[in-house]
Amino acid sequence: MKHITINFLSNNGDFERLKRGGNIKGSNTKNSDFSHQFDNPILSGEDLLDSVMDYDKIFSVVKKSVKAALGKERSGLGLALSNLPVTLGAFWQVGGNYIVMNEVLVKAMSRITRNPREFNSFVYTILTHEYLHSVGYIDEFQARQMTAFVAKHTFGSDHPAVIMSTGDIWKQYPELLSMQGGDGSVLKIISRFDTDSTSYIA
């Protein structure tokens, strides 16, 4: 099984080129995809992640924002939680149908974060990164950069999701490194996830 890890990068030259309308190395996305003014969020209301939300609702925002920013979408993904090492946020197996999130970090962030927007932004950032892998951004570096781009395109400049995706979450929340991680031996399937894709089923 190939694990694709999520480790957020600090802002760098490639992301600066994205903001100016350029392409990152290895990307086949056209410049016109990056013409949005980042200080004008494209979402409002619950989509800004302000209220208490489950994984399904947050993932709905992920899909909306990726489609709006990049014109890409897919359905049929599931979500599972596992006791992964604390330096691993999540993984998606190439060609697979499940995103596996680190339950150790999720539980820790539910205690550390100060409000629903901050916690939801953590979940949003991880799910966006892995969702981008699943829609074709296989390269890890490119997926990190595009996660930051999508967040800023969606929420503007100062939203917690933008801060998390353009930085290093383990530096932003250093207490995460003191958590007791696991070995992935426990796997919990989230039954309600990506319901936007299955709502047409009677």
# chains A, B, ... in the order shown; residues from 1 in each chain; ligands from 1
>>> select_by_dssp(residues="segment 23-174 of chain A", states="strand (DSSP E)", output="list in words")
Gly78, Leu79, Ala80, Leu81, Ser82, Ala90, Phe91, Trp92, Tyr98, Ile99, Val100, Met101 and Asn102 of chain A
>>> atom_distance(atom1="atom CA of Glu103 of chain A", atom2="atom CA of Phe149 of chain A")
25.6 Å
>>> closest_atom_pairs(of="segment 32-140 of chain A", to="segment 162-170 of chain A", cutoff="8 Å", atoms="only C-alpha atoms", output="tab-separated table")
residue	atom	partner	partner_atom	distance
A:Thr87	CA	A:Trp170	CA	7.9
A:Ser121	CA	A:Met164	CA	7.7
A:Phe122	CA	A:Met164	CA	7.1
A:Thr125	CA	A:Ser165	CA	6.1
>>> atom_distance(atom1="atom CA of Leu177 of chain A", atom2="atom CA of Val106 of chain A")
13.0 Å
>>> closest_residue(among="A:Met109, A:Val62, A:Val94, A:Val123", to="Asp139 of chain A", atoms="only C-alpha atoms")
A:Val94
>>> residues_around(residues="Asn120 of chain A", least_positions_apart="5", cutoff="12 Å", atoms="only C-alpha atoms", output="MDAnalysis selection string")
chainID A and resid 46:59 61:62 106 109:110 113:115 125:128 159:161 164
>>> select_by_dssp(residues="segment 26-148 of chain A", states="helix (DSSP H, G or I)", output="PyMOL selection string")
chain A and resi 31-34+45-48+55-70+103-112+116-134+140-148
>>> residues_around(residues="Pro85 of chain A", least_positions_apart="2", cutoff="10 Å", atoms="only C-alpha atoms", output="list in words")
Ser82, Asn83, Thr87, Leu88, Gly89, Ala90, Asn102, Glu103, Val104, Leu105, Leu177, Met179, Gln180, Gly181, Gly182, Asp183 and Gly184 of chain A
>>> write_last_selection(atoms="N, CA, C and O atoms", output="mmCIF file, in the first residue's frame")
data_model
loop_
_atom_site.group_PDB
_atom_site.id
_atom_site.type_symbol
_atom_site.label_atom_id
_atom_site.label_comp_id
_atom_site.auth_asym_id
_atom_site.auth_seq_id
_atom_site.Cartn_x
_atom_site.Cartn_y
_atom_site.Cartn_z
ATOM 1 N N SER A 82 -7.912 6.349 11.734
ATOM 2 C CA SER A 82 -6.974 5.332 12.202
ATOM 3 C C SER A 82 -5.991 5.948 13.184
ATOM 4 O O SER A 82 -5.770 7.163 13.194
ATOM 5 N N ASN A 83 -5.384 5.096 14.000
ATOM 6 C CA ASN A 83 -4.390 5.539 14.981
ATOM 7 C C ASN A 83 -3.014 5.567 14.316
ATOM 8 O O ASN A 83 -2.196 4.669 14.473
ATOM 9 N N THR A 87 3.126 12.298 13.157
ATOM 10 C CA THR A 87 3.669 13.119 12.072
ATOM 11 C C THR A 87 2.948 12.886 10.751
ATOM 12 O O THR A 87 3.311 13.481 9.735
ATOM 13 N N LEU A 88 1.933 12.049 10.760
ATOM 14 C CA LEU A 88 1.167 11.744 9.551
ATOM 15 C C LEU A 88 -0.275 12.190 9.740
ATOM 16 O O LEU A 88 -0.981 11.688 10.608
ATOM 17 N N GLY A 89 -0.706 13.164 8.937
ATOM 18 C CA GLY A 89 -2.058 13.685 9.086
ATOM 19 C C GLY A 89 -3.113 12.797 8.471
ATOM 20 O O GLY A 89 -4.200 12.626 9.017
ATOM 21 N N ALA A 90 -2.791 12.219 7.318
ATOM 22 C CA ALA A 90 -3.750 11.382 6.597
ATOM 23 C C ALA A 90 -3.038 10.737 5.422
ATOM 24 O O ALA A 90 -1.914 11.115 5.077
ATOM 25 N N ASN A 102 -5.852 10.672 10.563
ATOM 26 C CA ASN A 102 -5.243 10.314 11.837
ATOM 27 C C ASN A 102 -6.172 10.708 12.985
ATOM 28 O O ASN A 102 -6.311 11.886 13.308
ATOM 29 N N GLU A 103 -6.801 9.716 13.606
ATOM 30 C CA GLU A 103 -7.739 9.992 14.691
ATOM 31 C C GLU A 103 -7.042 10.587 15.906
ATOM 32 O O GLU A 103 -7.644 11.354 16.668
ATOM 33 N N VAL A 104 -5.767 10.255 16.102
ATOM 34 C CA VAL A 104 -5.012 10.819 17.221
ATOM 35 C C VAL A 104 -4.954 12.338 17.099
ATOM 36 O O VAL A 104 -5.204 13.074 18.064
ATOM 37 N N LEU A 105 -4.652 12.828 15.894
ATOM 38 C CA LEU A 105 -4.574 14.269 15.676
ATOM 39 C C LEU A 105 -5.948 14.925 15.721
ATOM 40 O O LEU A 105 -6.096 16.045 16.223
ATOM 41 N N LEU A 177 3.064 17.034 18.540
ATOM 42 C CA LEU A 177 4.200 16.120 18.507
ATOM 43 C C LEU A 177 4.390 15.373 19.819
ATOM 44 O O LEU A 177 5.120 14.382 19.875
ATOM 45 N N MET A 179 1.823 14.022 21.399
ATOM 46 C CA MET A 179 0.759 13.029 21.488
ATOM 47 C C MET A 179 1.326 11.626 21.265
ATOM 48 O O MET A 179 2.348 11.447 20.607
ATOM 49 N N GLN A 180 0.656 10.632 21.820
ATOM 50 C CA GLN A 180 1.051 9.239 21.621
ATOM 51 C C GLN A 180 0.389 8.713 20.355
ATOM 52 O O GLN A 180 -0.817 8.495 20.312
ATOM 53 N N GLY A 181 1.177 8.540 19.306
ATOM 54 C CA GLY A 181 0.642 8.053 18.046
ATOM 55 C C GLY A 181 0.467 6.547 18.035
ATOM 56 O O GLY A 181 0.758 5.857 19.011
ATOM 57 N N GLY A 182 -0.012 6.040 16.913
ATOM 58 C CA GLY A 182 -0.238 4.613 16.783
ATOM 59 C C GLY A 182 0.439 4.038 15.559
ATOM 60 O O GLY A 182 1.263 4.696 14.917
ATOM 61 N N ASP A 183 0.051 2.817 15.216
ATOM 62 C CA ASP A 183 0.679 2.111 14.100
ATOM 63 C C ASP A 183 -0.302 1.792 12.978
ATOM 64 O O ASP A 183 0.000 1.001 12.085
ATOM 65 N N GLY A 184 -1.491 2.401 13.033
ATOM 66 C CA GLY A 184 -2.479 2.152 11.996
ATOM 67 C C GLY A 184 -3.222 0.843 12.147
ATOM 68 O O GLY A 184 -3.891 0.396 11.209
#
